[in-house]
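Before any comments, here is the structure.
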Amino acid sequence: MAPGRAPDPRLGATGGVSALLEALERLPGVRVLAVGDLMLDEYVWGRVSRISPEAPVPVVEVEGHSHVPGGAANVASGVMALGGSALLGGTVGDDEHGRQLRAALTERSVDCAGVLDAGGRRTTVKTRVIAHSQQVVRTDFEQREPLDDALADRLLAWATEVLPDADVLVLSDYAKGLLTPTILQGLIERAAAVGKPIVVDPKGVRYEKYRGATILTPNVHDAERAAQYPVQEDGDLLEVARRLESVLPGTLLLITRGAEGMSLMRGGESLDIAADARDVYDVTGAGDTVVATLAAALGRGVDVEDAVRLANAAAGIAVGKVGTASVTLDELRDRLAAD
């Protein structure tokens, strides 16, 4: 790429679709080790026909409930939907929500050997009330205290044992206390030592804890907070990347920008990819879809720019679905072929 901002590489602009379809067919069979904050995404489905007489809020007449994996568990589900296999590491509480999450993962054939019982630590639950395909309200039920040392040691030992069997490592950080600096650096160092790509979905403002990762996938709001530099125009993104790269030498940045697509930042250059959404109903879980697709592609040796394009196309499909949902290999193939 020439210095500065590269031209927008929309799919098909230079015959890229055929290369992406070829890369897509390499994804089945990839083995992804995903470690991070596990959540249960609970959905309450209903309809609204009146406003409450008690307060100016809608009354939702409940018609059903559903539960799907969220957080790092959603990344694992996304890998499975692309034809890969997922080794999942994290914790759940000894509670009904934890059992529901385990059941949802088992239903999707995710390997849960690394999902540890956190005892009195409650399972993280995000409950969304949906009416007429619109989210009415969300409630969060969680604990954010750092994982205790004994449990952290068990998780690190398990991940170290299975790492050689994986093609790529994903660290999915939702700031719920699981990915402590000790676990992060322990896993990053181990993965780097054996040449595994490392994909990190970061949280917070201290990105130095991710030092040594192959690529980070912050959204633009998290990136500007971590860099302490607001993004008000396109050129500002280069300054954000410069600041973050100063604490993450050698690490690529894939900054997701919502309706503006995503930008792959490296060495003072930016490869900008336009958003690929046809319809946008719900952005829930779209970031997990990006991580799952990107990791699967990198794990199969796909060039990083093509891996980013695949992830962008997958995100465009995900936001067209209501609720947390995985993108299948067939859906992604059809989307690329249509371009």
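The chains in the structure tokens are called A, B, ... from first to last as shown; in each chain the residues are counted from 1, and the ligands are counted from 1 in the order shown.
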
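Neighbours of Ala226 in chain A closer than or equal to 9 Å, with only C-alpha atoms counted and sequence neighbours fewer than 2 positions away skipped, come out as A:Lys203, A:Gly204, A:Val205, A:Arg206, A:Tyr207, A:His221, A:Asp222, A:Ala223, A:Glu224, A:Gln228, A:Tyr229, A:Val240, A:Arg243, A:Leu244.
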
Print the selection's residues with N, CA and C atoms to a file, as an mmCIF file, in the first residue's frame.
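selection_20.cif, freshly written:
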data_model
loop_
_atom_site.group_PDB
_atom_site.id
_atom_site.type_symbol
_atom_site.label_atom_id
_atom_site.label_comp_id
_atom_site.auth_asym_id
_atom_site.auth_seq_id
_atom_site.Cartn_x
_atom_site.Cartn_y
_atom_site.Cartn_z
ATOM 1 N N LYS A 203 -10.964 -4.474 25.526
ATOM 2 C CA LYS A 203 -11.849 -3.630 26.327
ATOM 3 C C LYS A 203 -10.993 -2.764 27.233
ATOM 4 N N GLY A 204 -11.562 -1.649 27.670
ATOM 5 C CA GLY A 204 -10.828 -0.782 28.588
ATOM 6 C C GLY A 204 -9.923 0.183 27.850
ATOM 7 N N VAL A 205 -9.005 0.796 28.585
ATOM 8 C CA VAL A 205 -8.143 1.831 28.001
ATOM 9 C C VAL A 205 -6.659 1.501 28.093
ATOM 10 N N ARG A 206 -6.308 0.400 28.742
ATOM 11 C CA ARG A 206 -4.897 0.052 28.914
ATOM 12 C C ARG A 206 -4.542 -1.098 27.965
ATOM 13 N N TYR A 207 -4.247 -0.747 26.731
ATOM 14 C CA TYR A 207 -4.026 -1.760 25.703
ATOM 15 C C TYR A 207 -2.656 -2.429 25.805
ATOM 16 N N HIS A 221 -15.117 3.780 19.013
ATOM 17 C CA HIS A 221 -15.298 4.485 20.282
ATOM 18 C C HIS A 221 -14.307 3.982 21.336
ATOM 19 N N ASP A 222 -14.110 2.668 21.405
ATOM 20 C CA ASP A 222 -13.138 2.118 22.348
ATOM 21 C C ASP A 222 -11.719 2.523 21.965
ATOM 22 N N ALA A 223 -11.436 2.551 20.669
ATOM 23 C CA ALA A 223 -10.093 2.919 20.216
ATOM 24 C C ALA A 223 -9.754 4.355 20.576
ATOM 25 N N GLU A 224 -10.687 5.272 20.371
ATOM 26 C CA GLU A 224 -10.388 6.674 20.681
ATOM 27 C C GLU A 224 -10.262 6.887 22.184
ATOM 28 N N GLN A 228 -6.973 8.178 23.860
ATOM 29 C CA GLN A 228 -7.232 9.514 24.398
ATOM 30 C C GLN A 228 -7.138 10.573 23.291
ATOM 31 N N TYR A 229 -7.799 10.236 22.174
ATOM 32 C CA TYR A 229 -7.789 11.147 21.028
ATOM 33 C C TYR A 229 -9.106 10.968 20.282
ATOM 34 N N VAL A 240 -4.992 8.028 16.107
ATOM 35 C CA VAL A 240 -5.408 7.025 17.092
ATOM 36 C C VAL A 240 -4.559 5.769 16.934
ATOM 37 N N ARG A 243 -0.945 6.236 18.175
ATOM 38 C CA ARG A 243 -0.829 6.200 19.633
ATOM 39 C C ARG A 243 -0.951 4.776 20.171
ATOM 40 N N LEU A 244 -1.880 4.021 19.620
ATOM 41 C CA LEU A 244 -2.057 2.653 20.096
ATOM 42 C C LEU A 244 -0.887 1.770 19.685
#

- What are the DSSP helix (DSSP H, G or I) residues of range 114-270 of chain A, as an NGL selection string? :A and (149-165 or 181-193 or 207-210 or 220-227 or 234-247 or 258-260)

Close residues, range 322-331 of chain A itself excluded, 10 Å, only C-alpha atoms, min 4 positions apart in chain, as a short mmCIF file (atom, residue, chain, number, x, y, z; two decimals) with C-alpha atoms, in the first residue's frame:
data_model
loop_
_atom_site.label_atom_id
_atom_site.label_comp_id
_atom_site.auth_asym_id
_atom_site.auth_seq_id
_atom_site.Cartn_x
_atom_site.Cartn_y
_atom_site.Cartn_z
CA LEU A 24 -13.81 -19.04 2.31
CA GLU A 25 -13.58 -22.69 1.30
CA LEU A 27 -12.34 -22.25 6.68
CA PRO A 28 -14.03 -25.62 7.38
CA ASP A 41 -27.87 -13.76 25.99
CA GLU A 42 -31.49 -14.08 27.03
CA TYR A 43 -34.28 -12.82 24.80
CA HIS A 67 -31.25 -18.28 25.18
CA VAL A 68 -28.11 -18.10 23.04
CA PRO A 69 -24.37 -17.95 23.84
CA GLY A 70 -22.89 -14.47 24.18
CA GLY A 71 -19.44 -12.93 24.53
CA ASN A 74 -20.76 -16.35 20.76
CA VAL A 75 -17.35 -16.27 19.07
CA ALA A 76 -17.13 -20.04 19.54
CA SER A 77 -20.63 -20.47 18.10
CA GLY A 78 -19.63 -18.32 15.13
CA VAL A 79 -16.61 -20.50 14.42
CA MET A 80 -18.80 -23.62 14.47
CA ALA A 81 -21.26 -22.00 12.03
CA LEU A 82 -18.37 -21.45 9.60
CA GLY A 83 -17.54 -25.16 9.63
CA GLY A 84 -14.74 -24.97 12.17
CA ARG A 128 -33.07 -8.09 26.01
CA ILE A 130 -37.66 -7.44 21.89
CA SER A 133 -38.02 -6.64 15.94
CA GLN A 134 -36.94 -3.70 18.11
CA GLN A 135 -35.08 -3.81 21.41
CA VAL A 280 -29.59 -3.20 9.67
CA TYR A 281 -31.95 -4.62 12.28
CA ASP A 282 -29.65 -5.29 15.23
CA VAL A 283 -25.91 -4.81 15.82
CA THR A 284 -25.93 -7.23 18.78
CA GLY A 285 -23.09 -9.72 18.43
CA ALA A 286 -21.75 -8.25 15.19
CA ASP A 288 -18.20 -11.36 17.81
CA THR A 289 -18.99 -12.31 14.21
CA VAL A 290 -16.08 -10.18 13.00
CA ALA A 292 -14.93 -15.38 14.69
CA THR A 293 -14.58 -14.91 10.93
CA ALA A 313 -19.02 -9.36 4.74
CA ALA A 314 -19.98 -11.57 7.70
CA ALA A 315 -20.73 -8.50 9.83
CA GLY A 316 -23.01 -7.20 7.08
CA ILE A 317 -25.05 -10.39 7.34
CA ALA A 318 -25.10 -10.42 11.15
CA ARG A 335 -23.29 -12.94 0.03
CA LEU A 336 -19.90 -12.97 -1.65
CA ALA A 337 -21.25 -14.59 -4.81
#

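Neighbouring residues of Tyr174 in chain A at 7 Å or closer, counting only C-alpha atoms and skipping chain neighbours under 2 positions away, are Asp37, Ser172, Lys176 and Lys203 of chain A.
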
For those residues, write C-alpha atoms to a file as a tab-separated table (two decimals), in the first residue's frame.
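Output contents, as saved in again-v8.tsv:
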chain	number	residue	atom	x	y	z
A	37	ASP	CA	-15.83	-13.67	29.21
A	172	SER	CA	-12.47	-12.04	23.96
A	176	LYS	CA	-16.01	-9.01	33.34
A	203	LYS	CA	-11.85	-3.63	26.33

Within 6 Å of Val60 in chain A, counting only C-alpha atoms, which residues qualify if same-chain residues fewer than 3 places away don't, as an mmCIF file with C-alpha atoms, in the first residue's frame?
data_model
loop_
_atom_site.group_PDB
_atom_site.id
_atom_site.type_symbol
_atom_site.label_atom_id
_atom_site.label_comp_id
_atom_site.auth_asym_id
_atom_site.auth_seq_id
_atom_site.Cartn_x
_atom_site.Cartn_y
_atom_site.Cartn_z
ATOM 1 C CA GLY A 46 -43.299 -10.042 22.631
ATOM 2 C CA ARG A 47 -45.436 -7.298 21.185
ATOM 3 C CA VAL A 48 -46.539 -3.853 22.282
#

- Point out the residue among A:Ala23, A:Leu38, A:Leu155, A:Val44 with the least atom-to-atom distance to Thr182 in chain A, counting only C-alpha atoms. A:Leu155

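Coordinates place CA of Gly16 in chain A at a distance of 19.7 Å from CA of Ala295 in chain A.
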
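Note that CA of Ile215 in chain A and CA of Leu294 in chain A are 9.7 Å apart.
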
- Task: Determine, counting only C-alpha atoms, which protein, DNA and RNA residues have an atom within 7 Å of an atom of Ala274 in chain A; residues of the same chain fewer than 2 positions away are not included. Present the result as a VMD selection string.
- Result: chain A and resid 10 260 to 262 272 276

- Message: Just checking: using only C-alpha atoms, which residue out of A:Arg144, A:Arg266, A:His97, A:Lys196 ends up closest to Leu178 in chain A?
- Response: A:Arg144

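Here CA of Gly267 in chain A stands at a distance of 24.2 Å from CA of Ala296 in chain A.
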
- Task: Using backbone DSSP assignments, extract all strand (DSSP E) residues from range 144-339 of chain A; output them as number ranges by chain.
- Result: A: 168-172, 198-201, 215-216, 252-256, 262-266, 269-273
